[in-house]
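Visitor: Next up is a structure, given as C-alpha cells.
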Amino acid sequence: MTGHSQLDLAKLTKDLRSGHRAALARAITLIESRRGDHQAAARDLVQALLPDTGRGIRVGITGSPGVGKSTTIDVLGMFLIERGHKIAVLAVDPSPPHTCGTTLGDKTRMARLSASDNAYIRPSPASGTLGGVAAKTREAMLLCEAAGFDVVLVETVGIGQSETAVCDMTDFFLALMLPGAGDELQGIKKGLVELADMVAVNKADGDNIKRANLAASEYRGALHILTPRSEHWHPPVLTYSALTGTGIPELWRKILDHRTAMNASGEFAARRRQQQVKWMWSMLEQRMMARLRADPSVRSKVKKVEAEVADGRVTPALAAEQIAEMLR
C-alpha cells in the first residue's frame, strides 16, 4: 500500500472510532470490495479496530416471510434507542439479487429506525455465496461496534443455512413465529427451534391474542422435548405485537437475562472464542477456494480433474489430493 492510502486508512480508522456514519459506510464498502488492494486495506482496518470491538450485544433474528421481521426490528430498535442505545441492523441474504428475497434495501419497512441518527441500517452484501456474505457481515458487525453501536441486530433474509450462519455470529438467536400454530408447528424446521434462544410469537393483538397464546403453548411443548443448546438457559416462548409494541420490553429483558446467565457460567466468553476460531476457518476455506478460482491455469486443471471424477476415472479422494497439491 502506498503512503497516501496508508494515511487515508489512518483517517478512516480515526473517523470510524469517532462514530462518523460516512466513515462507517466507507469502511463497510471497503470490506465488501473484491479488489485485492481493498481487501488488504480492509484486513488492516479490522485488525486496527479489533480492540474497539466485542462490547456490543449481538442478536440474530430469523422468521419466515410474513412474520413481521422488519416491523419487529423497527419497534425493538426504537425502544432501545429511547433507552440510550445505538442500533446497527445488518442482513444476511445469500439469494441472488433478482429473486424476490427482500433485503434491507427496502428501508421503508423500518421507517422510524432508518430516519434515526442512532441507527445504522445496512443491506446484505451482494457477493452471492453464503460464506462470502456471512464473512462480510461479521466484519461489518465488528466495524459497527468500533463505531459505537452497542446493539447489533443481524437479520436472516435467506432461508436454511443462513440461519446457522447468523447463529454462529451472534450471542442470542431469536426466532419469530406467527400465531395459528397447529399444522404450522408440524412444518417448522426442527433445526431452527433447536438454534433458538427464544421463540417470540408476533401479532398477539386484537382477535389474534387467543391464537397467539395457543401457538406459544404449543411451541413451549415442542421446546420441552428438545435438548437446549445450553444447560444454563431454557429458551422461553413469548408473545408480543410489533403493531402495538406490547411485549417488546419483555422480549429485550429476556435477551439481557440470557447474557447475564451466559456470563455467570462463563459460556458467553467460550461461545465468542469458538466463533472467532470458526470464522478463521471459514475465511481460510474461502481464501483457498478463491485461489483455485483465480489462477487460470489452476482453474483449467481443476476442471479436468472434475471431469475425470464425474466420468468415474479418478476417485474423489485422489482428485482432492491432486487439487490440494496445486495449492502448494
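Letters for chains follow the order of the C-alpha cells (A, B, ...), residue numbers begin at 1 for each chain, and ligand numbers begin at 1 in the order shown.
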At a cut-off of 12 Å, using only C-alpha atoms, what residues contact segment 9-15 of chain A? Leave out same-chain residues fewer than 3 positions from it and give the result as a PyMOL selection string.

Guide: chain A and resi 1-6+18-28+30+38+40-50+52+143+146-148

Visitor: Using only C-alpha atoms, which residues sit within 9 Å of Ala222 of chain A once same-chain residues fewer than 4 positions away are excluded, as an MDAnalysis selection string?

Guide: chainID A and resid 185 193 217:218 226

Visitor: Only C-alpha atoms, please: the residues just picked out, written as a PDB file, in the first residue's frame.

Guide:
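Wrote result.pdb, looks like this:
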```pdb
ATOM      1  CA  LEU A 185     -45.801 -26.192  14.099  1.00  0.00           C
ATOM      2  CA  VAL A 193     -36.156 -24.282  17.030  1.00  0.00           C
ATOM      3  CA  SER A 217     -48.014 -23.026  24.445  1.00  0.00           C
ATOM      4  CA  GLU A 218     -47.526 -25.419  21.520  1.00  0.00           C
ATOM      5  CA  LEU A 226     -35.617 -30.774  22.689  1.00  0.00           C
TER       6      LEU A 226
END
```

Visitor: From the set A:Pro65, A:Gly132, A:Pro94, A:Pro51, which residue has the shortest atom-to-atom contact distance to Ile31 of chain A, counting only C-alpha atoms?

Guide: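 Looking at the shortest contact to Ile31 of chain A, the residue is A:Gly132.
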
Visitor: Between A:Gly247, A:Pro179, A:Gly160, A:Pro236, which is the closest to Phe79 of chain A once you count only C-alpha atoms?

Guide: A:Gly247

Visitor: Please compute the atom CA of Leu243 of chain A-atom CA of Val166 of chain A distance, one decimal, in Å.

Guide: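 Atom CA of Val166 of chain A lies 25.5 Å from atom CA of Leu243 of chain A.
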
Visitor: Per residue of segment 179-233 of chain A within 9 Å of segment 258-264 of chain A, which atom pair is closest and at what distance in Å (one decimal), using only C-alpha atoms, listed by chain and increasing number, as CSV?

Guide:
```
residue,atom,partner,partner_atom,distance
A:Asp197,CA,A:His258,CA,8.2
A:Ser230,CA,A:Met262,CA,8.7
A:His232,CA,A:Ala261,CA,6.5
A:Trp233,CA,A:His258,CA,6.9
```

Visitor: Take the residues from that selection and write them out as a tab-separated table (two decimals), in the first residue's frame, keeping N, CA and C atoms.

Guide:
```tsv
chain	number	residue	atom	x	y	z
A	197	ASP	N	-32.64	-19.20	20.95
A	197	ASP	CA	-32.50	-18.93	22.39
A	197	ASP	C	-33.83	-18.42	22.94
A	230	SER	N	-27.89	-24.81	25.77
A	230	SER	CA	-27.07	-24.56	26.95
A	230	SER	C	-27.78	-25.09	28.19
A	232	HIS	N	-27.54	-23.79	30.92
A	232	HIS	CA	-27.81	-22.64	31.78
A	232	HIS	C	-28.96	-21.77	31.27
A	233	TRP	N	-29.60	-22.23	30.20
A	233	TRP	CA	-30.67	-21.40	29.62
A	233	TRP	C	-31.72	-22.26	28.93
```

Visitor: Considering only C-alpha atoms, state which residue in the set A:Met283, A:Ala119, A:Leu318, A:Ala134 is at the smallest distance from Glu82 of chain A.

Guide: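 Nearest to Glu82 of chain A: A:Ala119.
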
Visitor: Mind checking DSSP for segment 14-191 of chain A and telling me the helix (DSSP H, G or I) residues as a ChimeraX atom specification?

Guide: /A:14-17,21-32,36-52,69-82,107-114,130-146,161-167,183-187,190-191

Visitor: Between A:Ala319, A:Ala270, A:Cys144, A:Ala91, which residue has the minimum interatomic distance to Arg17 of chain A, considering only C-alpha atoms?

Guide: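 Distance minimum relative to Arg17 of chain A lands on A:Cys144.
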
Visitor: Can you work out the spacing between atom CA of Ala242 of chain A and atom CA of Asp168 of chain A in Å, to one decimal?

Guide: 26.0 Å

Visitor: Using only C-alpha atoms, which protein or nucleic acid residues come within 9 Å of Asp205 of chain A? Drop anything in the same chain fewer than 3 positions from it, and give the result as a VMD selection string.

Guide: chain A and resid 202 208 to 210 212 240 to 241 243 to 244 246

Visitor: Just all heavy atoms for this one: save the residues we selected as a PDB file, in the first residue's frame.

Guide:
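So out.pdb came out as:
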```
ATOM      1  N   ASN A 202     -45.428 -13.294  17.138  1.00  0.00           N
ATOM      2  CA  ASN A 202     -45.861 -11.940  16.805  1.00  0.00           C
ATOM      3  C   ASN A 202     -47.383 -11.893  16.593  1.00  0.00           C
ATOM      4  O   ASN A 202     -48.039 -12.928  16.530  1.00  0.00           O
ATOM      5  CB  ASN A 202     -45.123 -11.478  15.527  1.00  0.00           C
ATOM      6  CG  ASN A 202     -45.334  -9.996  15.241  1.00  0.00           C
ATOM      7  OD1 ASN A 202     -45.885  -9.252  16.052  1.00  0.00           O
ATOM      8  ND2 ASN A 202     -44.888  -9.562  14.081  1.00  0.00           N
ATOM      9  N   ASN A 208     -56.428 -11.832  17.617  1.00  0.00           N
ATOM     10  CA  ASN A 208     -55.375 -12.837  17.484  1.00  0.00           C
ATOM     11  C   ASN A 208     -54.794 -13.316  18.807  1.00  0.00           C
ATOM     12  O   ASN A 208     -54.047 -14.289  18.835  1.00  0.00           O
ATOM     13  CB  ASN A 208     -54.216 -12.252  16.670  1.00  0.00           C
ATOM     14  CG  ASN A 208     -54.224 -12.761  15.246  1.00  0.00           C
ATOM     15  OD1 ASN A 208     -54.816 -13.796  14.960  1.00  0.00           O
ATOM     16  ND2 ASN A 208     -53.560 -12.051  14.374  1.00  0.00           N
ATOM     17  N   ILE A 209     -55.073 -12.589  19.891  1.00  0.00           N
ATOM     18  CA  ILE A 209     -54.390 -12.863  21.165  1.00  0.00           C
ATOM     19  C   ILE A 209     -54.530 -14.324  21.578  1.00  0.00           C
ATOM     20  O   ILE A 209     -53.558 -14.981  21.941  1.00  0.00           O
ATOM     21  CB  ILE A 209     -54.888 -11.907  22.278  1.00  0.00           C
ATOM     22  CG1 ILE A 209     -54.395 -10.490  21.960  1.00  0.00           C
ATOM     23  CG2 ILE A 209     -54.378 -12.351  23.644  1.00  0.00           C
ATOM     24  CD1 ILE A 209     -54.797  -9.425  22.949  1.00  0.00           C
ATOM     25  N   LYS A 210     -55.756 -14.840  21.468  1.00  0.00           N
ATOM     26  CA  LYS A 210     -56.015 -16.217  21.889  1.00  0.00           C
ATOM     27  C   LYS A 210     -55.170 -17.189  21.044  1.00  0.00           C
ATOM     28  O   LYS A 210     -54.542 -18.110  21.569  1.00  0.00           O
ATOM     29  CB  LYS A 210     -57.506 -16.517  21.734  1.00  0.00           C
ATOM     30  CG  LYS A 210     -57.982 -17.669  22.592  1.00  0.00           C
ATOM     31  CD  LYS A 210     -59.493 -17.774  22.556  1.00  0.00           C
ATOM     32  CE  LYS A 210     -59.934 -19.154  23.026  1.00  0.00           C
ATOM     33  NZ  LYS A 210     -61.377 -19.344  22.885  1.00  0.00           N
ATOM     34  N   ALA A 212     -52.436 -16.543  19.419  1.00  0.00           N
ATOM     35  CA  ALA A 212     -51.011 -16.356  19.717  1.00  0.00           C
ATOM     36  C   ALA A 212     -50.622 -17.115  20.981  1.00  0.00           C
ATOM     37  O   ALA A 212     -49.581 -17.770  21.038  1.00  0.00           O
ATOM     38  CB  ALA A 212     -50.703 -14.871  19.870  1.00  0.00           C
ATOM     39  N   TYR A 240     -45.906 -11.273  21.552  1.00  0.00           N
ATOM     40  CA  TYR A 240     -45.752  -9.811  21.503  1.00  0.00           C
ATOM     41  C   TYR A 240     -46.500  -9.297  20.280  1.00  0.00           C
ATOM     42  O   TYR A 240     -46.968 -10.077  19.449  1.00  0.00           O
ATOM     43  CB  TYR A 240     -44.273  -9.430  21.416  1.00  0.00           C
ATOM     44  CG  TYR A 240     -43.661  -9.648  20.054  1.00  0.00           C
ATOM     45  CD1 TYR A 240     -43.476  -8.576  19.181  1.00  0.00           C
ATOM     46  CD2 TYR A 240     -43.306 -10.926  19.617  1.00  0.00           C
ATOM     47  CE1 TYR A 240     -42.931  -8.783  17.911  1.00  0.00           C
ATOM     48  CE2 TYR A 240     -42.773 -11.136  18.355  1.00  0.00           C
ATOM     49  CZ  TYR A 240     -42.593 -10.062  17.503  1.00  0.00           C
ATOM     50  OH  TYR A 240     -42.089 -10.264  16.246  1.00  0.00           O
ATOM     51  N   SER A 241     -46.591  -7.989  20.171  1.00  0.00           N
ATOM     52  CA  SER A 241     -47.196  -7.393  18.986  1.00  0.00           C
ATOM     53  C   SER A 241     -46.309  -6.265  18.474  1.00  0.00           C
ATOM     54  O   SER A 241     -46.075  -5.280  19.177  1.00  0.00           O
ATOM     55  CB  SER A 241     -48.588  -6.840  19.309  1.00  0.00           C
ATOM     56  OG  SER A 241     -48.991  -5.947  18.289  1.00  0.00           O
ATOM     57  N   LEU A 243     -47.165  -4.431  16.151  1.00  0.00           N
ATOM     58  CA  LEU A 243     -48.119  -3.374  15.793  1.00  0.00           C
ATOM     59  C   LEU A 243     -48.358  -2.424  16.973  1.00  0.00           C
ATOM     60  O   LEU A 243     -48.293  -1.209  16.823  1.00  0.00           O
ATOM     61  CB  LEU A 243     -49.440  -4.022  15.357  1.00  0.00           C
ATOM     62  CG  LEU A 243     -50.537  -3.092  14.854  1.00  0.00           C
ATOM     63  CD1 LEU A 243     -50.145  -2.502  13.497  1.00  0.00           C
ATOM     64  CD2 LEU A 243     -51.861  -3.845  14.731  1.00  0.00           C
ATOM     65  N   THR A 244     -48.588  -3.001  18.164  1.00  0.00           N
ATOM     66  CA  THR A 244     -48.907  -2.162  19.330  1.00  0.00           C
ATOM     67  C   THR A 244     -47.698  -1.947  20.242  1.00  0.00           C
ATOM     68  O   THR A 244     -47.718  -1.074  21.097  1.00  0.00           O
ATOM     69  CB  THR A 244     -50.020  -2.817  20.176  1.00  0.00           C
ATOM     70  OG1 THR A 244     -49.507  -4.060  20.698  1.00  0.00           O
ATOM     71  CG2 THR A 244     -51.261  -3.105  19.345  1.00  0.00           C
ATOM     72  N   THR A 246     -46.731  -4.102  22.426  1.00  0.00           N
ATOM     73  CA  THR A 246     -46.927  -4.931  23.626  1.00  0.00           C
ATOM     74  C   THR A 246     -45.925  -6.076  23.634  1.00  0.00           C
ATOM     75  O   THR A 246     -45.763  -6.757  22.619  1.00  0.00           O
ATOM     76  CB  THR A 246     -48.350  -5.539  23.643  1.00  0.00           C
ATOM     77  OG1 THR A 246     -49.271  -4.517  23.311  1.00  0.00           O
ATOM     78  CG2 THR A 246     -48.675  -6.122  25.003  1.00  0.00           C
TER      79      THR A 246
END
```

Visitor: So which one's closest to Ile61 of chain A, A:Ser162, A:Ser33, A:Thr129, A:Ser95? Using only C-alpha atoms, please.

Guide: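 Counting only C-alpha atoms, the residue closest to Ile61 of chain A is A:Ser162.
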
Visitor: With only C-alpha atoms as the counted atoms, please give the residues lying no more than 7 Å from Phe172 of chain A, apart from itself and same-chain residues fewer than 5 positions off, as an mmCIF file with C-alpha atoms, in the first residue's frame.

Guide:
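What landed in out.cif:
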```cif
data_model
loop_
_atom_site.group_PDB
_atom_site.id
_atom_site.type_symbol
_atom_site.label_atom_id
_atom_site.label_comp_id
_atom_site.auth_asym_id
_atom_site.auth_seq_id
_atom_site.Cartn_x
_atom_site.Cartn_y
_atom_site.Cartn_z
ATOM 1 C CA ARG A 58 -25.257 -9.294 19.037
ATOM 2 C CA VAL A 59 -28.745 -10.562 18.307
ATOM 3 C CA GLY A 60 -29.673 -12.766 15.351
ATOM 4 C CA ASP A 197 -32.501 -18.926 22.388
ATOM 5 C CA ILE A 255 -32.130 -11.090 25.919
#
```

Visitor: Do you know which residues are at most 12 Å from Ile323 of chain A counting only C-alpha atoms, after dropping those on the same chain fewer than 3 positions away, and could you put them as a PyMOL selection string?

Guide: chain A and resi 288-289+291-293+298-306+316-320+326-328

Visitor: Can you pull out the residues contacting Thr137 of chain A? Cut-off 10 Å, using only C-alpha atoms, and skip same-chain residues under 2 positions away; I want them as a ChimeraX atom specification.

Guide: /A:28,31-32,90-93,122-125,131-135,139-143,154,166,169

Visitor: Residues of the last selection are to be written out with N, CA and C atoms, as a PDB file, in the first residue's frame.

Guide:
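Output below, filename out_34.pdb:
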```pdb
ATOM      1  N   ILE A  28     -17.325  -0.219   5.419  1.00  0.00           N
ATOM      2  CA  ILE A  28     -18.045  -1.444   5.061  1.00  0.00           C
ATOM      3  C   ILE A  28     -17.949  -1.684   3.551  1.00  0.00           C
ATOM      4  N   ILE A  31     -14.687  -3.291   2.903  1.00  0.00           N
ATOM      5  CA  ILE A  31     -14.728  -4.714   3.272  1.00  0.00           C
ATOM      6  C   ILE A  31     -15.396  -5.558   2.191  1.00  0.00           C
ATOM      7  N   GLU A  32     -16.443  -4.975   1.571  1.00  0.00           N
ATOM      8  CA  GLU A  32     -17.217  -5.739   0.585  1.00  0.00           C
ATOM      9  C   GLU A  32     -16.561  -5.750  -0.793  1.00  0.00           C
ATOM     10  N   LEU A  90     -27.971  -5.347  10.330  1.00  0.00           N
ATOM     11  CA  LEU A  90     -27.288  -5.941   9.178  1.00  0.00           C
ATOM     12  C   LEU A  90     -28.119  -7.119   8.685  1.00  0.00           C
ATOM     13  N   ALA A  91     -27.937  -7.483   7.417  1.00  0.00           N
ATOM     14  CA  ALA A  91     -28.708  -8.606   6.889  1.00  0.00           C
ATOM     15  C   ALA A  91     -27.797  -9.654   6.285  1.00  0.00           C
ATOM     16  N   VAL A  92     -28.221 -10.902   6.371  1.00  0.00           N
ATOM     17  CA  VAL A  92     -27.529 -11.983   5.672  1.00  0.00           C
ATOM     18  C   VAL A  92     -28.519 -12.541   4.661  1.00  0.00           C
ATOM     19  N   ASP A  93     -28.260 -12.247   3.393  1.00  0.00           N
ATOM     20  CA  ASP A  93     -29.156 -12.691   2.330  1.00  0.00           C
ATOM     21  C   ASP A  93     -28.339 -13.241   1.169  1.00  0.00           C
ATOM     22  N   ARG A 122     -27.829  -1.518   7.192  1.00  0.00           N
ATOM     23  CA  ARG A 122     -27.004  -1.895   6.043  1.00  0.00           C
ATOM     24  C   ARG A 122     -27.563  -3.153   5.394  1.00  0.00           C
ATOM     25  N   PRO A 123     -27.919  -3.084   4.099  1.00  0.00           N
ATOM     26  CA  PRO A 123     -28.405  -4.299   3.441  1.00  0.00           C
ATOM     27  C   PRO A 123     -27.281  -5.316   3.287  1.00  0.00           C
ATOM     28  N   SER A 124     -27.659  -6.513   2.895  1.00  0.00           N
ATOM     29  CA  SER A 124     -26.691  -7.596   2.745  1.00  0.00           C
ATOM     30  C   SER A 124     -25.745  -7.316   1.582  1.00  0.00           C
ATOM     31  N   PRO A 125     -24.450  -7.674   1.728  1.00  0.00           N
ATOM     32  CA  PRO A 125     -23.534  -7.526   0.595  1.00  0.00           C
ATOM     33  C   PRO A 125     -23.964  -8.438  -0.541  1.00  0.00           C
ATOM     34  N   GLY A 131     -21.178 -18.173   2.400  1.00  0.00           N
ATOM     35  CA  GLY A 131     -19.916 -17.993   3.127  1.00  0.00           C
ATOM     36  C   GLY A 131     -19.378 -16.580   2.958  1.00  0.00           C
ATOM     37  N   GLY A 132     -19.430 -16.089   1.717  1.00  0.00           N
ATOM     38  CA  GLY A 132     -18.934 -14.743   1.439  1.00  0.00           C
ATOM     39  C   GLY A 132     -19.756 -13.685   2.135  1.00  0.00           C
ATOM     40  N   VAL A 133     -21.076 -13.829   2.033  1.00  0.00           N
ATOM     41  CA  VAL A 133     -21.972 -12.848   2.652  1.00  0.00           C
ATOM     42  C   VAL A 133     -21.793 -12.854   4.170  1.00  0.00           C
ATOM     43  N   ALA A 134     -21.717 -14.052   4.757  1.00  0.00           N
ATOM     44  CA  ALA A 134     -21.578 -14.168   6.214  1.00  0.00           C
ATOM     45  C   ALA A 134     -20.263 -13.547   6.687  1.00  0.00           C
ATOM     46  N   ALA A 135     -19.178 -13.798   5.933  1.00  0.00           N
ATOM     47  CA  ALA A 135     -17.872 -13.250   6.315  1.00  0.00           C
ATOM     48  C   ALA A 135     -17.908 -11.729   6.307  1.00  0.00           C
ATOM     49  N   GLU A 139     -17.583  -8.989   9.584  1.00  0.00           N
ATOM     50  CA  GLU A 139     -16.631  -7.882   9.654  1.00  0.00           C
ATOM     51  C   GLU A 139     -17.368  -6.562   9.799  1.00  0.00           C
ATOM     52  N   ALA A 140     -18.502  -6.429   9.089  1.00  0.00           N
ATOM     53  CA  ALA A 140     -19.318  -5.214   9.200  1.00  0.00           C
ATOM     54  C   ALA A 140     -19.782  -5.034  10.649  1.00  0.00           C
ATOM     55  N   MET A 141     -20.108  -6.160  11.301  1.00  0.00           N
ATOM     56  CA  MET A 141     -20.547  -6.118  12.690  1.00  0.00           C
ATOM     57  C   MET A 141     -19.442  -5.559  13.599  1.00  0.00           C
ATOM     58  N   LEU A 142     -18.213  -6.006  13.354  1.00  0.00           N
ATOM     59  CA  LEU A 142     -17.086  -5.508  14.148  1.00  0.00           C
ATOM     60  C   LEU A 142     -16.903  -4.003  13.939  1.00  0.00           C
ATOM     61  N   LEU A 143     -17.042  -3.554  12.696  1.00  0.00           N
ATOM     62  CA  LEU A 143     -16.897  -2.125  12.401  1.00  0.00           C
ATOM     63  C   LEU A 143     -17.993  -1.312  13.088  1.00  0.00           C
ATOM     64  N   VAL A 154     -28.791  -8.796  13.581  1.00  0.00           N
ATOM     65  CA  VAL A 154     -28.475  -9.413  12.292  1.00  0.00           C
ATOM     66  C   VAL A 154     -29.692 -10.197  11.831  1.00  0.00           C
ATOM     67  N   VAL A 166     -26.005 -17.044  10.841  1.00  0.00           N
ATOM     68  CA  VAL A 166     -26.299 -15.911  11.719  1.00  0.00           C
ATOM     69  C   VAL A 166     -26.172 -16.334  13.180  1.00  0.00           C
ATOM     70  N   MET A 169     -22.691 -16.081  14.426  1.00  0.00           N
ATOM     71  CA  MET A 169     -22.019 -14.790  14.601  1.00  0.00           C
ATOM     72  C   MET A 169     -22.685 -13.922  15.661  1.00  0.00           C
TER      73      MET A 169
END
```

Visitor: Please return as a VMD selection string: the residues of segment 51-265 of chain A that backbone DSSP assigns to strand (DSSP E).

Guide: chain A and resid 57 to 63 87 to 92 119 to 122 151 to 156 172 to 177 198 to 201 237 to 239

Visitor: Separation of atom CA of Leu130 of chain A and atom CA of Gln161 of chain A, in Å?

Guide: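 The value is 7.9 Å.
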
Visitor: Point out the residue among A:Phe268, A:Val199, A:Leu214, A:Lys254 with the least atom-to-atom distance to Leu238 of chain A, counting only C-alpha atoms.

Guide: A:Val199
